[in-house]
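I have placed the structure first, in the form of structure tokens, so that the comments after it can refer back to it.
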Amino acid sequence: MDTDEAPADATLRRMLREVRPEWSLREAAPADGGTDLVYFLDVETPDGPRECVLKACEFLDPEAFRPEPYLLTLADRRTSIPVPSVLGAVDDHPDLPAPFFLMERRDGEVRENGARELPADAMERIARDAGRWLGELHGLGEFERFGPIRLARDVEREPGRDGTDGTDETAGSIAVDGRTLAVGDAATDSWRDRVESTADDCLDDLRGRFADLEPDLRAFVEDRLDALPDGRAPDGGVAPVLGHDDYRLGNLLVDPATGETRAVLDWGNAHAMEAQYNLVVAEQYLSGWAAHGDPLRERVGTALREGYEETGELPRDPDAERRRELYLAVTRLFPLGWFSLWYGDFPESEREAVAERNRRAVLDLVD
């Protein structure tokens, strides 16, 4: 080992040996952006050189980070969603920055905030594929409750739920690669309660430039909450399914010319949620939070639903459209409440244009 080697490189070599002892590190480069540690590695293997990606926990709580490699493995083995294959994972380690995992490197470009720059047919393909893959994801199984996905080892199970004594890790969960994925402790039985709580928190945070929108948005949300059943399936409620809550261009590797999605990344925000809500979240992100009635949103939303119908079933009950309107309003609160975090680094003129687009979209929705 080179004595002038940076400590970071020495740590990366140890992390690589933890998951692939027969591999050696040639070069490493940190990825731009992101919240946790991500490195692109060039490694030497017994079969020759290859590229891979190392991701380690730095920003998230370890409990929130740990499920990601197993969610990737689940999608890789049981769906047609293009994801990087996981090459190894370490859940805990006494002196390395664990949890961490190693995955293959995929080709493609990240086009965050690029929905309007991509060709129309490319965006339609991205959305249609997204719908088809979300339908597959939602069909993998149902959970007991609504909330963030965790490893069962990090969840305190409640005695008596569904007739268990609290020791059965398989009830309302999905097993993969020797681990059990379950809903975390921050969970609720009622989807209506969860949506209402999310809306209240976001509405309470509307200050400054968007404070004047709060009364109309609150009235719009409250008028449609009764479209949500209070309870869980099969007792007249909705079923918690596995969803990808951050399906956006910033988490995709795509061919910008054709719209082929080569990888769906960042599974650290997976939740058990209602399927229609997941579709609305994806529509918001993939349309670039376009105004309602904007041709881009119409194309994206139509393609998304067409793709979903290939692998899933869209709701067609009398309250389905009112639920969709409710979800559009609740998710529309995200770029308002998190405006400084999402757009704080934009040039001032661009930031103001984004603020005005979001304001017009709210007024179009609640009018």
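In the structure tokens, each chain is lettered A, B, ... as it comes, each chain's residues begin at 1, and ligands are numbered from 1 in order of appearance.
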Any idea what's packed within 9 Å of range 348-358 of chain A, counting only C-alpha atoms, ignoring anything in its chain fewer than 6 positions away? Could you give it as a PDB file with all heavy atoms, in the first residue's frame?
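Dumped to around-v4.pdb:
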```pdb
ATOM      1  N   ARG A 209     -43.271  33.667   1.601  1.00  0.00           N
ATOM      2  CA  ARG A 209     -43.804  33.982   0.279  1.00  0.00           C
ATOM      3  C   ARG A 209     -45.077  33.214  -0.059  1.00  0.00           C
ATOM      4  O   ARG A 209     -45.848  33.648  -0.910  1.00  0.00           O
ATOM      5  CB  ARG A 209     -42.742  33.739  -0.792  1.00  0.00           C
ATOM      6  CG  ARG A 209     -42.424  32.281  -1.049  1.00  0.00           C
ATOM      7  CD  ARG A 209     -41.515  32.129  -2.265  1.00  0.00           C
ATOM      8  NE  ARG A 209     -40.140  32.469  -1.960  1.00  0.00           N
ATOM      9  CZ  ARG A 209     -39.362  33.176  -2.792  1.00  0.00           C
ATOM     10  NH1 ARG A 209     -39.834  33.618  -3.934  1.00  0.00           N
ATOM     11  NH2 ARG A 209     -38.105  33.424  -2.469  1.00  0.00           N
ATOM     12  N   PHE A 210     -45.322  32.071   0.577  1.00  0.00           N
ATOM     13  CA  PHE A 210     -46.501  31.268   0.230  1.00  0.00           C
ATOM     14  C   PHE A 210     -47.572  31.258   1.327  1.00  0.00           C
ATOM     15  O   PHE A 210     -48.547  30.513   1.222  1.00  0.00           O
ATOM     16  CB  PHE A 210     -46.081  29.823  -0.065  1.00  0.00           C
ATOM     17  CG  PHE A 210     -45.117  29.679  -1.213  1.00  0.00           C
ATOM     18  CD1 PHE A 210     -43.850  29.150  -1.008  1.00  0.00           C
ATOM     19  CD2 PHE A 210     -45.473  30.090  -2.499  1.00  0.00           C
ATOM     20  CE1 PHE A 210     -42.957  29.018  -2.063  1.00  0.00           C
ATOM     21  CE2 PHE A 210     -44.586  29.957  -3.559  1.00  0.00           C
ATOM     22  CZ  PHE A 210     -43.321  29.424  -3.342  1.00  0.00           C
ATOM     23  N   TRP A 289     -43.374  19.318 -11.582  1.00  0.00           N
ATOM     24  CA  TRP A 289     -44.337  20.110 -10.817  1.00  0.00           C
ATOM     25  C   TRP A 289     -45.057  21.116 -11.713  1.00  0.00           C
ATOM     26  O   TRP A 289     -45.327  22.254 -11.331  1.00  0.00           O
ATOM     27  CB  TRP A 289     -43.657  20.803  -9.630  1.00  0.00           C
ATOM     28  CG  TRP A 289     -43.015  19.830  -8.710  1.00  0.00           C
ATOM     29  CD1 TRP A 289     -41.732  19.370  -8.768  1.00  0.00           C
ATOM     30  CD2 TRP A 289     -43.639  19.150  -7.614  1.00  0.00           C
ATOM     31  NE1 TRP A 289     -41.508  18.443  -7.775  1.00  0.00           N
ATOM     32  CE2 TRP A 289     -42.663  18.281  -7.044  1.00  0.00           C
ATOM     33  CE3 TRP A 289     -44.915  19.193  -7.065  1.00  0.00           C
ATOM     34  CZ2 TRP A 289     -42.931  17.471  -5.954  1.00  0.00           C
ATOM     35  CZ3 TRP A 289     -45.188  18.378  -5.971  1.00  0.00           C
ATOM     36  CH2 TRP A 289     -44.199  17.536  -5.429  1.00  0.00           C
ATOM     37  N   ALA A 290     -45.365  20.695 -12.924  1.00  0.00           N
ATOM     38  CA  ALA A 290     -46.044  21.564 -13.890  1.00  0.00           C
ATOM     39  C   ALA A 290     -47.447  21.920 -13.390  1.00  0.00           C
ATOM     40  O   ALA A 290     -48.054  21.199 -12.590  1.00  0.00           O
ATOM     41  CB  ALA A 290     -46.143  20.870 -15.244  1.00  0.00           C
ATOM     42  N   ALA A 291     -47.957  23.027 -13.881  1.00  0.00           N
ATOM     43  CA  ALA A 291     -49.312  23.450 -13.530  1.00  0.00           C
ATOM     44  C   ALA A 291     -50.330  22.443 -14.053  1.00  0.00           C
ATOM     45  O   ALA A 291     -50.075  21.719 -15.020  1.00  0.00           O
ATOM     46  CB  ALA A 291     -49.594  24.837 -14.108  1.00  0.00           C
ATOM     47  N   ARG A 332     -48.499  18.969  -3.600  1.00  0.00           N
ATOM     48  CA  ARG A 332     -48.168  20.316  -4.074  1.00  0.00           C
ATOM     49  C   ARG A 332     -47.584  21.162  -2.949  1.00  0.00           C
ATOM     50  O   ARG A 332     -46.853  22.139  -3.192  1.00  0.00           O
ATOM     51  CB  ARG A 332     -49.421  20.968  -4.658  1.00  0.00           C
ATOM     52  CG  ARG A 332     -49.284  22.408  -5.086  1.00  0.00           C
ATOM     53  CD  ARG A 332     -48.210  22.633  -6.112  1.00  0.00           C
ATOM     54  NE  ARG A 332     -48.494  22.030  -7.395  1.00  0.00           N
ATOM     55  CZ  ARG A 332     -47.648  22.057  -8.426  1.00  0.00           C
ATOM     56  NH1 ARG A 332     -46.475  22.651  -8.307  1.00  0.00           N
ATOM     57  NH2 ARG A 332     -47.958  21.481  -9.555  1.00  0.00           N
ATOM     58  N   PRO A 335     -43.038  21.349  -2.580  1.00  0.00           N
ATOM     59  CA  PRO A 335     -42.116  22.389  -3.064  1.00  0.00           C
ATOM     60  C   PRO A 335     -42.355  23.754  -2.433  1.00  0.00           C
ATOM     61  O   PRO A 335     -41.465  24.605  -2.477  1.00  0.00           O
ATOM     62  CB  PRO A 335     -42.381  22.421  -4.577  1.00  0.00           C
ATOM     63  CG  PRO A 335     -43.734  21.862  -4.749  1.00  0.00           C
ATOM     64  CD  PRO A 335     -43.907  20.847  -3.664  1.00  0.00           C
ATOM     65  N   LEU A 336     -43.528  23.963  -1.836  1.00  0.00           N
ATOM     66  CA  LEU A 336     -43.775  25.230  -1.145  1.00  0.00           C
ATOM     67  C   LEU A 336     -43.069  25.238   0.208  1.00  0.00           C
ATOM     68  O   LEU A 336     -42.339  26.175   0.545  1.00  0.00           O
ATOM     69  CB  LEU A 336     -45.279  25.452  -0.945  1.00  0.00           C
ATOM     70  CG  LEU A 336     -46.182  25.371  -2.181  1.00  0.00           C
ATOM     71  CD1 LEU A 336     -47.616  25.746  -1.804  1.00  0.00           C
ATOM     72  CD2 LEU A 336     -45.672  26.256  -3.305  1.00  0.00           C
ATOM     73  N   PHE A 339     -39.165  24.978  -0.174  1.00  0.00           N
ATOM     74  CA  PHE A 339     -38.689  25.785  -1.288  1.00  0.00           C
ATOM     75  C   PHE A 339     -37.214  26.166  -1.116  1.00  0.00           C
ATOM     76  O   PHE A 339     -36.425  26.053  -2.062  1.00  0.00           O
ATOM     77  CB  PHE A 339     -39.539  27.057  -1.421  1.00  0.00           C
ATOM     78  CG  PHE A 339     -39.231  27.869  -2.645  1.00  0.00           C
ATOM     79  CD1 PHE A 339     -39.805  27.550  -3.867  1.00  0.00           C
ATOM     80  CD2 PHE A 339     -38.349  28.942  -2.586  1.00  0.00           C
ATOM     81  CE1 PHE A 339     -39.512  28.276  -5.007  1.00  0.00           C
ATOM     82  CE2 PHE A 339     -38.051  29.677  -3.721  1.00  0.00           C
ATOM     83  CZ  PHE A 339     -38.634  29.341  -4.927  1.00  0.00           C
TER      84      PHE A 339
END
```
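Backbone DSSP of range 7-114 of chain A yields helix (DSSP H, G or I) at Pro7, Ala8, Asp9, Ala10, Thr11, Leu12, Arg13, Arg14, Met15, Leu16, Arg17, Glu18, Val19, Pro62, Glu63, Ala64, Phe65, Glu68, Pro69, Tyr70, Leu71, Leu72, Thr73, Leu74, Ala75, Asp76, Arg77 and Arg78 of chain A.
Nearest-residue note for Arg116 in chain A: choosing from A:Gly307, A:Gly293, A:Gly268, A:Pro256, the minimum distance belongs to A:Pro256, counting only C-alpha atoms.
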Give me the residues within 10 Å of range 47-54 of chain A as number ranges by chain, counting only C-alpha atoms and dropping any in the same chain fewer than 4 places off. A: 12, 15-16, 23-31, 37-43, 84-89, 100-106
List as CSV every residue of range 67-112 of chain A that is in contact with range 142-149 of chain A, defined as an atom at most 12 Å from one of its atoms (using only C-alpha atoms), together with the nearest atom pair and the distance in Å rounded to one decimal, sorted by chain and then rising number.
```
residue,atom,partner,partner_atom,distance
A:Pro67,CA,A:Ile149,CA,7.1
A:Glu68,CA,A:Ile149,CA,9.2
A:Tyr70,CA,A:Ile149,CA,10.8
A:Leu71,CA,A:Ile149,CA,9.2
```
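Of the residues listed (A:Val254, A:Ala187, A:Leu74, A:Leu96), A:Val254 shows the shortest atom-to-atom separation from Leu118 in chain A; distances use only C-alpha atoms.
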Shortest interatomic distance to Leu242 in chain A - which of A:Thr180, A:Thr188, A:Ser173, A:Gln284, counting only C-alpha atoms: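 With only C-alpha atoms as the atom set, the closest residue is A:Ser173.
The residue that comes closest to Glu63 in chain A, out of A:Val330, A:Ala186, A:Val83, A:Ala115 and on the basis of only C-alpha atoms, is A:Ala186.
For the set A:Glu58, A:Asp193, A:Glu112, A:Asp246, the residue with the smallest atom-to-atom gap to Val264 in chain A is A:Asp246, counting only C-alpha atoms.
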One number please: CA of Gly301 in chain A to CA of Ala130 in chain A, in Å, one decimal.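 We find that CA of Gly301 in chain A and CA of Ala130 in chain A lie 10.6 Å from each other.
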Residues of range 243-345 of chain A within 12 Å of range 119-122 of chain A: nearest atom pair and distance (Å, one decimal) for each, counting only C-alpha atoms, sorted by chain and number, as CSV?
```
residue,atom,partner,partner_atom,distance
A:Val254,CA,A:Ala122,CA,9.4
A:Asp255,CA,A:Ala122,CA,8.5
A:Pro256,CA,A:Ala122,CA,6.9
A:Ala257,CA,A:Ala122,CA,6.6
A:Thr258,CA,A:Ala122,CA,5.1
A:Gly259,CA,A:Ala122,CA,3.8
A:Glu260,CA,A:Ala122,CA,7.4
A:Thr261,CA,A:Ala122,CA,9.7
A:Leu286,CA,A:Ala122,CA,11.6
A:Ser287,CA,A:Ala120,CA,11.1
A:Pro295,CA,A:Ala120,CA,10.0
A:Leu296,CA,A:Ala120,CA,8.0
A:Arg297,CA,A:Ala120,CA,11.0
A:Glu298,CA,A:Ala120,CA,11.3
A:Arg299,CA,A:Ala120,CA,8.1
A:Val300,CA,A:Ala120,CA,9.1
A:Ala303,CA,A:Asp121,CA,10.1
```
Rank nothing, just name the residue among A:Cys202, A:Val280, A:Ala64, A:Val241 nearest to Phe334 in chain A, using only C-alpha atoms. A:Cys202
What lies within 8 Å of Arg305 in chain A using only C-alpha atoms, ignoring chain neighbours under 3 positions off, as a ChimeraX atom specification? /A:128,131,279,301-302,308-309,314
Convert the current residue selection to file output with all heavy atoms, as a PDB file, in the first residue's frame.
```
ATOM      1  N   ARG A 128     -44.254   6.231 -18.959  1.00  0.00           N
ATOM      2  CA  ARG A 128     -44.966   4.968 -19.187  1.00  0.00           C
ATOM      3  C   ARG A 128     -44.221   3.803 -18.505  1.00  0.00           C
ATOM      4  O   ARG A 128     -44.844   2.937 -17.876  1.00  0.00           O
ATOM      5  CB  ARG A 128     -45.117   4.716 -20.681  1.00  0.00           C
ATOM      6  CG  ARG A 128     -45.977   3.493 -21.019  1.00  0.00           C
ATOM      7  CD  ARG A 128     -46.300   3.423 -22.501  1.00  0.00           C
ATOM      8  NE  ARG A 128     -47.249   4.476 -22.900  1.00  0.00           N
ATOM      9  CZ  ARG A 128     -46.908   5.576 -23.573  1.00  0.00           C
ATOM     10  NH1 ARG A 128     -45.640   5.782 -23.930  1.00  0.00           N
ATOM     11  NH2 ARG A 128     -47.810   6.466 -23.892  1.00  0.00           N
ATOM     12  N   GLY A 131     -44.866   3.970 -14.763  1.00  0.00           N
ATOM     13  CA  GLY A 131     -46.155   3.420 -14.390  1.00  0.00           C
ATOM     14  C   GLY A 131     -46.150   1.908 -14.373  1.00  0.00           C
ATOM     15  O   GLY A 131     -46.657   1.278 -13.426  1.00  0.00           O
ATOM     16  N   LEU A 279     -48.648   7.014  -7.433  1.00  0.00           N
ATOM     17  CA  LEU A 279     -48.736   7.469  -8.822  1.00  0.00           C
ATOM     18  C   LEU A 279     -48.762   8.984  -8.910  1.00  0.00           C
ATOM     19  O   LEU A 279     -48.138   9.584  -9.794  1.00  0.00           O
ATOM     20  CB  LEU A 279     -49.988   6.888  -9.483  1.00  0.00           C
ATOM     21  CG  LEU A 279     -49.906   5.434  -9.949  1.00  0.00           C
ATOM     22  CD1 LEU A 279     -51.254   4.979 -10.471  1.00  0.00           C
ATOM     23  CD2 LEU A 279     -48.838   5.255 -11.016  1.00  0.00           C
ATOM     24  N   GLY A 301     -48.858  12.398 -17.155  1.00  0.00           N
ATOM     25  CA  GLY A 301     -49.896  11.709 -16.392  1.00  0.00           C
ATOM     26  C   GLY A 301     -50.581  10.620 -17.190  1.00  0.00           C
ATOM     27  O   GLY A 301     -50.832   9.517 -16.681  1.00  0.00           O
ATOM     28  N   THR A 302     -50.873  10.902 -18.451  1.00  0.00           N
ATOM     29  CA  THR A 302     -51.524   9.898 -19.297  1.00  0.00           C
ATOM     30  C   THR A 302     -50.620   8.694 -19.513  1.00  0.00           C
ATOM     31  O   THR A 302     -51.052   7.534 -19.377  1.00  0.00           O
ATOM     32  CB  THR A 302     -51.909  10.513 -20.649  1.00  0.00           C
ATOM     33  OG1 THR A 302     -52.865  11.570 -20.432  1.00  0.00           O
ATOM     34  CG2 THR A 302     -52.515   9.466 -21.571  1.00  0.00           C
ATOM     35  N   TYR A 308     -49.202   1.962 -15.966  1.00  0.00           N
ATOM     36  CA  TYR A 308     -49.643   1.291 -14.745  1.00  0.00           C
ATOM     37  C   TYR A 308     -50.689   0.220 -15.054  1.00  0.00           C
ATOM     38  O   TYR A 308     -50.693  -0.848 -14.431  1.00  0.00           O
ATOM     39  CB  TYR A 308     -50.203   2.312 -13.760  1.00  0.00           C
ATOM     40  CG  TYR A 308     -50.397   1.756 -12.364  1.00  0.00           C
ATOM     41  CD1 TYR A 308     -49.340   1.686 -11.474  1.00  0.00           C
ATOM     42  CD2 TYR A 308     -51.635   1.286 -11.942  1.00  0.00           C
ATOM     43  CE1 TYR A 308     -49.499   1.168 -10.201  1.00  0.00           C
ATOM     44  CE2 TYR A 308     -51.815   0.757 -10.670  1.00  0.00           C
ATOM     45  CZ  TYR A 308     -50.736   0.704  -9.801  1.00  0.00           C
ATOM     46  OH  TYR A 308     -50.905   0.170  -8.548  1.00  0.00           O
ATOM     47  N   GLU A 309     -51.554   0.499 -15.999  1.00  0.00           N
ATOM     48  CA  GLU A 309     -52.619  -0.453 -16.312  1.00  0.00           C
ATOM     49  C   GLU A 309     -52.082  -1.740 -16.947  1.00  0.00           C
ATOM     50  O   GLU A 309     -52.804  -2.731 -17.030  1.00  0.00           O
ATOM     51  CB  GLU A 309     -53.665   0.197 -17.213  1.00  0.00           C
ATOM     52  CG  GLU A 309     -54.525   1.205 -16.483  1.00  0.00           C
ATOM     53  CD  GLU A 309     -55.801   1.530 -17.223  1.00  0.00           C
ATOM     54  OE1 GLU A 309     -55.691   2.132 -18.311  1.00  0.00           O
ATOM     55  OE2 GLU A 309     -56.887   1.184 -16.725  1.00  0.00           O
ATOM     56  N   LEU A 314     -55.912   0.559 -11.928  1.00  0.00           N
ATOM     57  CA  LEU A 314     -56.241   1.896 -11.470  1.00  0.00           C
ATOM     58  C   LEU A 314     -57.577   1.891 -10.739  1.00  0.00           C
ATOM     59  O   LEU A 314     -58.496   1.156 -11.106  1.00  0.00           O
ATOM     60  CB  LEU A 314     -56.323   2.866 -12.659  1.00  0.00           C
ATOM     61  CG  LEU A 314     -55.010   3.168 -13.383  1.00  0.00           C
ATOM     62  CD1 LEU A 314     -55.299   3.978 -14.649  1.00  0.00           C
ATOM     63  CD2 LEU A 314     -54.049   3.930 -12.469  1.00  0.00           C
TER      64      LEU A 314
END
```
Gap from CA of Arg192 in chain A to CA of Tyr277 in chain A - Å, one decimal: 11.6 Å
Using only C-alpha atoms, which protein or nucleic acid residues come within 10 Å of Arg153 in chain A? Drop anything in the same chain fewer than 2 positions from it, and give the result as number ranges by chain. A: 63, 150-151, 155-157, 169, 179-182, 184
As JSON, numbers by chain, please: every residue in range 53-278 of chain A that a backbone DSSP assignment puts in strand (DSSP E or B). {"A": [53, 54, 55, 56, 86, 87, 88, 89, 90, 100, 101, 102, 103, 104, 109, 142, 146, 147, 148, 149, 150, 151, 174, 175, 176, 179, 180, 181, 182, 183, 188, 232, 238, 241, 242, 243, 244, 252, 253, 254, 261, 262, 263, 264, 270, 271, 272, 273]}
